[in-house]
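A short worksheet on the structure shown next.
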Amino acid sequence: MSEQKPKPFSSERNKLIITKIIVIYSGFFLLLKLSAILQGGWVAANLLIASPIILLGLLGYYFLKTDKVNWAYALGSIVVISAMRFYEQDLIVWIHNTI
């Protein structure tokens, strides 16, 4: 008989791991932006760029503490973080010129 492989999107463990990675990455990203500010970067632009990722990290921390992780949060966070990282430099310059 052939063994059935579990589907990756049905595993609670995978959702938990992805949520933990998002929370850890959000903390790291905050430290990265604070370091950029301390080295002379634009304060308002860097804080505005970091805010969506920080909010995702706080939301993930809440989900971990209440033990309610879901795929919508995990996949949505991956898309938002990827988009923010891809357009980060353009957004920082645009925000700085706008403010």
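Identifiers for the structure tokens are assigned positionally: chains receive A, B, ... in sequence, residues are indexed from 1 per chain, and ligands are indexed from 1 in the order shown.
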(request) Considering only C-alpha atoms, return as a PyMOL selection string whatever protein or nucleic-acid residues lie within 7 Å of A:Val69, sequence-local ones (same chain, fewer than 4 positions apart) excluded. (result) chain A and resi 15-16+63-64
(message) Could you go through chain A and tell me which residues DSSP, when run on the backbone, assigns to alpha helix (DSSP H), listing them as an NGL selection string?
(response) :A and (12-38 or 43-66 or 71-86 or 88-98)
(request) Find the residues around A:Tyr73 up to 12 Å (only C-alpha atoms counted), leave out those fewer than 5 positions away in its own chain, and share them as a PyMOL selection string. (result) chain A and resi 15-16+18-20+22-23+55-64+68+78-81
Could you produce a table of the residues of stretch 3-80 of chain A lying within 9 Å of stretch 91-95 of chain A, with the nearest pair of atoms per residue and their separation in Å rounded to one decimal, using only C-alpha atoms, ordered by chain and increasing residue number, as a Markdown table?
```
| residue | atom | partner | partner_atom | distance |
| --- | --- | --- | --- | --- |
| A:Trp42 | CA | A:Ile92 | CA | 8.3 |
| A:Ala44 | CA | A:Ile95 | CA | 8.1 |
| A:Ala45 | CA | A:Ile92 | CA | 5.3 |
| A:Asn46 | CA | A:Ile92 | CA | 6.7 |
| A:Leu48 | CA | A:Ile95 | CA | 8.2 |
| A:Ile49 | CA | A:Ile92 | CA | 7.0 |
```
(message) Measuring between only C-alpha atoms, which one of A:Ile53, A:Leu47, A:Arg13, A:Leu32 shows the shortest distance to A:Ser82?
(response) A:Ile53
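Interatomic distance, atom CA of A:Gly27 to atom CA of A:Ser11: 25.2 Å.
Using only C-alpha atoms for every distance, the candidate list A:Ala74, A:Glu12, A:Gln4, A:Glu88 yields A:Glu88 as the residue closest to A:Lys33.
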